[in-house]
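Just below is one structure, and these are the notes that go with it.
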Amino acid sequence: MTITAEELLRRGVARHREGRIAEAESLYRRALRLAPRHPDAENLLGVIALQKGEVAAALDHSARALAAAPEQPLYLANRGAALAAAGRLAEAVEALRAALAQNPQDVTSLRNLGQALTAGGQAEAALAPLRAAAGLAPEAPEVWLALAHAAREAGAVEEARAAAERVKGPLAEQARFLLAGLGAAPLPARAPAAYVRELFDAFAPRFDAELSGALAYRTPALLAGMLAPGRRAKVLDLGCGTGLSGEALRPFAARLEGLDLSPRMLEAARARGVYDALHEADLLDFLPRRRAGYDLIAAADVLNYLGDLAPAFAALRAALRPGGEALFSLEAGEAEVALGEGLRFRHNPDHAAWLAEAAGFTVARREAAALRREKGAEVPGALFLLRAG
């Protein structure tokens, strides 16, 4: 009996629904070989590519599916999701709105549209689709979390609080963090790792353009300017992101390694070609396993996601050789620690210096600096160069 492309796709969808992604992908590819450019096969391969974080492949497959059937709402929806993941937010919004014009009760597309609008600085416009999604799927925690973030950014504090309180299950930790930023929950010791990973995975495609443009980001250069000339044998760039800080640190490193929680940030850093090695891990997990492993550890705009700096300073001290240097920035505030409007921690520089000395460091240099611009205003910060005793 000859198997058809449609039968292969039917079997693939069944495997896909069971979470057997590799088997589903294999079946979709077999279908595509039997029926080249089959729009359903292209669309489904695009969905899998996006699930795997392969955004370029998702864009290619979704474009081919849509070329075959430009008005198909499912193809438009998946194309919109791929465009959003690629940071092409205006195009994503257009595709998602076109999909919703034909299928206005598609909860996933409503949520994706709201998130794309929020990421593009249109939080108020994001509220309508996210409210609609919440009405259609009142038990969906990811919808309530997206609505809470949009409402917070739109200044609708009560709605943000109410939405965050509806979040249950694995996303509840992220909702509690948001509530802490609204003053409606206790201050946590740190931002949830999942929140930081997802935030920077989503930000990665537009990170360099936004930071070097409207945000006038200057922290890596400012930090590098605090270092004495000369190459350190082994340097670690904590929270390396796309590698902007790596470029500033490269002249000071015989060997330069980068560490980040975000796979998509690391992908961009790898393409930059400035690192000798890259690691995907949480710094509080990674540093204790690298005792006396580095001569310099730098962290540009990383400790802003930690409220309690004591564990980080202890981990930094353990990972440095005697006489090694720790170089980092903090967003500055009056209180010992507070969670700022942008869901980043602000630290009192005097208190941070005290914690660093308690961990066995000497403060070699400390400077006040404007780290970047945000909503038209300078973000006040502090730059530190510590030396391990």
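Chain lettering (A, B, ...) mirrors the order of the structure tokens, residue numbering begins at 1 for each chain separately, and ligand numbering begins at 1 in order of display.
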| field | Test item: residues at most 7 Å from Ala92 of chain A, only C-alpha atoms, excluding those fewer than 3 positions along its chain, as a list in words | value |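 The residues satisfying every condition are Gly80, Ala81, Leu83, Ala84, Arg88, Leu89, Ala95 and Leu96 of chain A.
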Could you save the residues just selected, with N, CA and C atoms, as a CSV table (one decimal), in the first residue's frame?
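Output contents, as saved in out-v7.csv:
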```
chain,number,residue,atom,x,y,z
A,80,GLY,N,2.8,35.0,12.1
A,80,GLY,CA,2.9,36.1,13.0
A,80,GLY,C,3.7,35.7,14.2
A,81,ALA,N,3.6,34.4,14.7
A,81,ALA,CA,4.3,34.0,15.9
A,81,ALA,C,5.8,33.9,15.5
A,83,LEU,N,7.4,35.7,13.2
A,83,LEU,CA,7.9,37.1,13.0
A,83,LEU,C,8.1,37.7,14.4
A,84,ALA,N,7.2,37.5,15.3
A,84,ALA,CA,7.4,38.1,16.7
A,84,ALA,C,8.7,37.5,17.3
A,88,ARG,N,10.6,41.0,14.6
A,88,ARG,CA,10.0,41.8,13.5
A,88,ARG,C,8.6,42.1,13.9
A,89,LEU,N,8.4,43.0,14.9
A,89,LEU,CA,7.2,43.2,15.6
A,89,LEU,C,6.1,43.8,14.8
A,95,ALA,N,0.4,40.4,10.6
A,95,ALA,CA,0.0,39.0,10.3
A,95,ALA,C,-1.0,38.5,11.3
A,96,LEU,N,-0.8,38.8,12.6
A,96,LEU,CA,-1.7,38.3,13.6
A,96,LEU,C,-3.1,39.0,13.5
```
| field | All residues 6 Å or closer to segment 105-119 of chain A, only C-alpha atoms, same chain fewer than 2 positions away omitted, as an MDAnalysis selection string | value | chainID A and resid 89 93 103 121:123 126 129:130 133 150
Selected residues, N, CA and C atoms, written as a PDB file, in the first residue's frame, please.
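The result, stored in out-v9.pdb:
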```pdb
ATOM      1  N   LEU A  89       8.442  43.006  14.885  1.00  0.00           N
ATOM      2  CA  LEU A  89       7.190  43.173  15.609  1.00  0.00           C
ATOM      3  C   LEU A  89       6.084  43.790  14.756  1.00  0.00           C
ATOM      4  N   VAL A  93       2.537  41.913  14.096  1.00  0.00           N
ATOM      5  CA  VAL A  93       1.229  42.490  14.428  1.00  0.00           C
ATOM      6  C   VAL A  93       0.317  42.448  13.211  1.00  0.00           C
ATOM      7  N   ASN A 103     -10.431  34.606  12.322  1.00  0.00           N
ATOM      8  CA  ASN A 103     -10.657  33.694  13.450  1.00  0.00           C
ATOM      9  C   ASN A 103     -10.485  34.476  14.749  1.00  0.00           C
ATOM     10  N   GLY A 121       6.241  48.523  22.573  1.00  0.00           N
ATOM     11  CA  GLY A 121       5.967  49.774  23.251  1.00  0.00           C
ATOM     12  C   GLY A 121       4.537  50.257  23.130  1.00  0.00           C
ATOM     13  N   GLN A 122       3.613  49.362  22.756  1.00  0.00           N
ATOM     14  CA  GLN A 122       2.202  49.727  22.608  1.00  0.00           C
ATOM     15  C   GLN A 122       1.362  48.960  23.629  1.00  0.00           C
ATOM     16  N   ALA A 123       1.693  49.135  24.895  1.00  0.00           N
ATOM     17  CA  ALA A 123       1.039  48.359  25.944  1.00  0.00           C
ATOM     18  C   ALA A 123      -0.459  48.639  26.027  1.00  0.00           C
ATOM     19  N   ALA A 126      -2.257  46.712  23.555  1.00  0.00           N
ATOM     20  CA  ALA A 126      -2.195  45.272  23.834  1.00  0.00           C
ATOM     21  C   ALA A 126      -3.306  44.810  24.758  1.00  0.00           C
ATOM     22  N   PRO A 129      -6.697  42.849  23.002  1.00  0.00           N
ATOM     23  CA  PRO A 129      -6.589  41.433  22.644  1.00  0.00           C
ATOM     24  C   PRO A 129      -6.307  40.531  23.844  1.00  0.00           C
ATOM     25  N   LEU A 130      -5.543  41.014  24.810  1.00  0.00           N
ATOM     26  CA  LEU A 130      -5.237  40.179  25.970  1.00  0.00           C
ATOM     27  C   LEU A 130      -6.464  40.007  26.866  1.00  0.00           C
ATOM     28  N   ALA A 133      -8.516  37.414  25.137  1.00  0.00           N
ATOM     29  CA  ALA A 133      -7.948  36.077  25.350  1.00  0.00           C
ATOM     30  C   ALA A 133      -8.278  35.566  26.737  1.00  0.00           C
ATOM     31  N   ALA A 150       1.322  43.670  30.381  1.00  0.00           N
ATOM     32  CA  ALA A 150       0.844  44.772  29.544  1.00  0.00           C
ATOM     33  C   ALA A 150       0.177  45.848  30.393  1.00  0.00           C
TER      34      ALA A 150
END
```
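Nearest residue to Arg373 of chain A, choosing from A:Glu357, A:Asp282, A:Glu257, A:Glu210 and counting only C-alpha atoms: A:Glu210.
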| request: Per DSSP on the backbone, filter segment 97-210 of chain A down to the residues in alpha helix (DSSP H) and report them as an MDAnalysis selection string. | output: chainID A and resid 97:102 107:119 123:136 141:154 157:165 172:181 193:203 207:210
| query | What does the distance from atom CA of Ala148 of chain A to atom CA of Glu165 of chain A come to in Å, to one decimal? | reply |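 Atom CA of Glu165 of chain A lies at a distance of 8.9 Å from atom CA of Ala148 of chain A.
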Show me, as an mmCIF file with all heavy atoms, in the first residue's frame, the residues that have an atom within 9 Å of Thr242 of chain A when counting only C-alpha atoms, minus same-chain residues fewer than 5 positions from it.
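Saved result, result-v5.cif, follows:
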```cif
data_model
loop_
_atom_site.group_PDB
_atom_site.id
_atom_site.type_symbol
_atom_site.label_atom_id
_atom_site.label_comp_id
_atom_site.auth_asym_id
_atom_site.auth_seq_id
_atom_site.Cartn_x
_atom_site.Cartn_y
_atom_site.Cartn_z
ATOM 1 N N ALA A 204 16.468 39.194 22.256
ATOM 2 C CA ALA A 204 17.725 38.961 21.539
ATOM 3 C C ALA A 204 17.739 39.511 20.112
ATOM 4 O O ALA A 204 18.729 40.148 19.704
ATOM 5 C CB ALA A 204 18.066 37.468 21.547
ATOM 6 N N PHE A 207 18.104 43.329 20.356
ATOM 7 C CA PHE A 207 18.877 43.806 21.506
ATOM 8 C C PHE A 207 19.892 44.879 21.106
ATOM 9 O O PHE A 207 19.898 45.987 21.651
ATOM 10 C CB PHE A 207 19.583 42.603 22.153
ATOM 11 C CG PHE A 207 20.347 42.918 23.403
ATOM 12 C CD1 PHE A 207 19.705 42.976 24.625
ATOM 13 C CD2 PHE A 207 21.716 43.115 23.374
ATOM 14 C CE1 PHE A 207 20.405 43.241 25.797
ATOM 15 C CE2 PHE A 207 22.432 43.382 24.529
ATOM 16 C CZ PHE A 207 21.758 43.443 25.747
ATOM 17 N N ASP A 208 20.748 44.569 20.156
ATOM 18 C CA ASP A 208 21.813 45.503 19.789
ATOM 19 C C ASP A 208 21.247 46.810 19.245
ATOM 20 O O ASP A 208 21.699 47.898 19.612
ATOM 21 C CB ASP A 208 22.743 44.871 18.753
ATOM 22 C CG ASP A 208 23.650 43.814 19.352
ATOM 23 O OD1 ASP A 208 23.483 43.490 20.547
ATOM 24 O OD2 ASP A 208 24.517 43.297 18.623
ATOM 25 N N ARG A 264 19.165 32.210 23.080
ATOM 26 C CA ARG A 264 19.163 33.061 21.884
ATOM 27 C C ARG A 264 20.198 34.178 21.998
ATOM 28 O O ARG A 264 20.777 34.597 20.991
ATOM 29 C CB ARG A 264 17.760 33.623 21.635
ATOM 30 C CG ARG A 264 16.746 32.521 21.302
ATOM 31 C CD ARG A 264 15.484 33.078 20.729
ATOM 32 N NE ARG A 264 15.722 33.657 19.420
ATOM 33 C CZ ARG A 264 14.848 34.466 18.808
ATOM 34 N NH1 ARG A 264 13.722 34.792 19.414
ATOM 35 N NH2 ARG A 264 15.109 34.951 17.614
ATOM 36 N N MET A 265 20.443 34.659 23.194
ATOM 37 C CA MET A 265 21.529 35.610 23.378
ATOM 38 C C MET A 265 22.874 34.938 23.074
ATOM 39 O O MET A 265 23.745 35.518 22.417
ATOM 40 C CB MET A 265 21.525 36.153 24.802
ATOM 41 C CG MET A 265 20.422 37.165 25.080
ATOM 42 S SD MET A 265 20.744 38.736 24.252
ATOM 43 C CE MET A 265 19.606 39.814 25.113
ATOM 44 N N LEU A 266 23.042 33.729 23.552
ATOM 45 C CA LEU A 266 24.295 33.011 23.311
ATOM 46 C C LEU A 266 24.497 32.734 21.824
ATOM 47 O O LEU A 266 25.635 32.770 21.331
ATOM 48 C CB LEU A 266 24.306 31.709 24.107
ATOM 49 C CG LEU A 266 24.481 31.874 25.620
ATOM 50 C CD1 LEU A 266 24.208 30.558 26.336
ATOM 51 C CD2 LEU A 266 25.875 32.385 25.963
ATOM 52 N N GLU A 267 23.403 32.454 21.123
ATOM 53 C CA GLU A 267 23.504 32.241 19.674
ATOM 54 C C GLU A 267 24.054 33.495 18.990
ATOM 55 O O GLU A 267 24.924 33.419 18.112
ATOM 56 C CB GLU A 267 22.119 31.888 19.132
ATOM 57 C CG GLU A 267 22.064 31.594 17.647
ATOM 58 C CD GLU A 267 20.647 31.296 17.183
ATOM 59 O OE1 GLU A 267 19.778 30.993 18.026
ATOM 60 O OE2 GLU A 267 20.414 31.367 15.963
ATOM 61 N N ALA A 268 23.546 34.661 19.399
ATOM 62 C CA ALA A 268 24.038 35.919 18.823
ATOM 63 C C ALA A 268 25.487 36.181 19.233
ATOM 64 O O ALA A 268 26.298 36.656 18.424
ATOM 65 C CB ALA A 268 23.142 37.070 19.278
ATOM 66 N N ALA A 269 25.830 35.863 20.481
ATOM 67 C CA ALA A 269 27.209 36.055 20.941
ATOM 68 C C ALA A 269 28.168 35.157 20.168
ATOM 69 O O ALA A 269 29.283 35.564 19.821
ATOM 70 C CB ALA A 269 27.298 35.772 22.439
ATOM 71 N N ARG A 270 27.728 33.945 19.906
ATOM 72 C CA ARG A 270 28.573 33.006 19.154
ATOM 73 C C ARG A 270 28.855 33.546 17.753
ATOM 74 O O ARG A 270 29.979 33.463 17.239
ATOM 75 C CB ARG A 270 27.883 31.643 19.096
ATOM 76 C CG ARG A 270 28.740 30.530 18.534
ATOM 77 C CD ARG A 270 28.069 29.170 18.743
ATOM 78 N NE ARG A 270 28.020 28.804 20.156
ATOM 79 C CZ ARG A 270 26.914 28.767 20.896
ATOM 80 N NH1 ARG A 270 25.738 29.083 20.365
ATOM 81 N NH2 ARG A 270 26.966 28.438 22.171
ATOM 82 N N ALA A 271 27.837 34.138 17.143
ATOM 83 C CA ALA A 271 28.011 34.687 15.792
ATOM 84 C C ALA A 271 28.961 35.878 15.784
ATOM 85 O O ALA A 271 29.597 36.166 14.765
ATOM 86 C CB ALA A 271 26.651 35.095 15.233
ATOM 87 N N ARG A 272 29.083 36.549 16.920
ATOM 88 C CA ARG A 272 29.954 37.724 17.003
ATOM 89 C C ARG A 272 31.428 37.341 16.942
ATOM 90 O O ARG A 272 32.270 38.122 16.511
ATOM 91 C CB ARG A 272 29.655 38.477 18.298
ATOM 92 C CG ARG A 272 29.825 39.957 18.195
ATOM 93 C CD ARG A 272 29.428 40.685 19.451
ATOM 94 N NE ARG A 272 29.059 42.050 19.135
ATOM 95 C CZ ARG A 272 27.814 42.481 19.041
ATOM 96 N NH1 ARG A 272 26.811 41.654 19.275
ATOM 97 N NH2 ARG A 272 27.560 43.730 18.722
#
```
| message | Which residues are near Glu367 of chain A? Cut-off 10 Å, only C-alpha atoms, ignore same chain within fewer than 3 positions. Put them as a PyMOL selection string. | response | chain A and resi 222-223+226+329+349+381-385
Do you know which residues are at most 7 Å from Ala163 of chain A counting only C-alpha atoms, after dropping those on the same chain fewer than 3 positions away, and could you put them as a short mmCIF file (atom, residue, chain, number, x, y, z; two decimals) with C-alpha atoms, in the first residue's frame?
```cif
data_model
loop_
_atom_site.label_atom_id
_atom_site.label_comp_id
_atom_site.auth_asym_id
_atom_site.auth_seq_id
_atom_site.Cartn_x
_atom_site.Cartn_y
_atom_site.Cartn_z
CA TRP A 144 -3.12 36.28 32.60
CA LEU A 145 0.64 36.79 32.93
CA LEU A 147 -2.12 40.73 30.53
CA ALA A 148 -0.47 41.56 33.87
CA GLU A 159 -5.67 45.49 36.51
CA ALA A 160 -2.05 44.30 36.51
CA ARG A 166 -4.97 34.85 38.57
#
```
| field | Contact residues around Tyr217 of chain A with only C-alpha atoms at 8 Å, ignoring same-chain residues under 3 positions, as number ranges by chain | value | A: 211-213, 371-373
Could you turn the residues from that selection into a file that holds all heavy atoms, as a compact mmCIF listing (two decimals), in the first residue's frame?
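Final output, out-v2.txt:
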```
# COMPACT_ATOMS: atom_id res chain seq x y z
N LEU A 211 19.55 48.89 22.14
CA LEU A 211 20.48 49.40 23.14
C LEU A 211 21.38 50.48 22.58
O LEU A 211 21.64 51.49 23.25
CB LEU A 211 21.32 48.27 23.74
CG LEU A 211 20.77 47.75 25.08
CD1 LEU A 211 19.44 47.06 24.89
CD2 LEU A 211 21.75 46.81 25.74
N SER A 212 21.86 50.29 21.37
CA SER A 212 22.76 51.29 20.79
C SER A 212 22.00 52.47 20.22
O SER A 212 22.60 53.51 19.94
CB SER A 212 23.63 50.65 19.70
OG SER A 212 22.81 50.14 18.65
N GLY A 213 20.67 52.33 20.07
CA GLY A 213 19.86 53.41 19.52
C GLY A 213 19.21 54.23 20.62
O GLY A 213 19.85 55.04 21.29
N LEU A 371 23.87 54.84 33.04
CA LEU A 371 24.08 53.58 32.34
C LEU A 371 23.46 53.55 30.96
O LEU A 371 23.97 52.92 30.04
CB LEU A 371 23.53 52.43 33.19
CG LEU A 371 24.09 52.31 34.61
CD1 LEU A 371 23.42 51.16 35.34
CD2 LEU A 371 25.60 52.13 34.58
N ARG A 372 22.31 54.22 30.80
CA ARG A 372 21.59 54.25 29.53
C ARG A 372 20.43 55.22 29.71
O ARG A 372 20.24 55.79 30.77
CB ARG A 372 21.07 52.86 29.15
CG ARG A 372 20.06 52.32 30.12
CD ARG A 372 19.60 50.92 29.74
NE ARG A 372 18.70 50.39 30.76
CZ ARG A 372 19.10 49.90 31.92
NH1 ARG A 372 20.40 49.83 32.20
NH2 ARG A 372 18.24 49.48 32.80
N ARG A 373 19.62 55.36 28.68
CA ARG A 373 18.40 56.15 28.77
C ARG A 373 17.19 55.22 28.78
O ARG A 373 17.20 54.19 28.11
CB ARG A 373 18.29 57.13 27.61
CG ARG A 373 19.38 58.19 27.60
CD ARG A 373 19.14 59.26 26.55
NE ARG A 373 17.92 60.03 26.82
CZ ARG A 373 17.85 61.04 27.68
NH1 ARG A 373 18.94 61.40 28.37
NH2 ARG A 373 16.74 61.70 27.85
```
| message | Given only C-alpha atoms as the basis, pick out the residue of A:Pro311, A:Pro263, A:Pro138, A:Pro170 nearest to Ala189 of chain A. | response |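 Under the stated criterion, the closest residue is A:Pro311.
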| Selected residue of minimal separation from Leu244 of chain A among A:Ala335, A:Leu100, A:Ala300, A:Leu287, counting only C-alpha atoms |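 Under the stated criterion, the closest residue is A:Ala300.
Distance check against Leu284 of chain A using only C-alpha atoms: of A:Ala69, A:Leu236, A:Ala193, A:Ala63, the minimum falls on A:Ala193.
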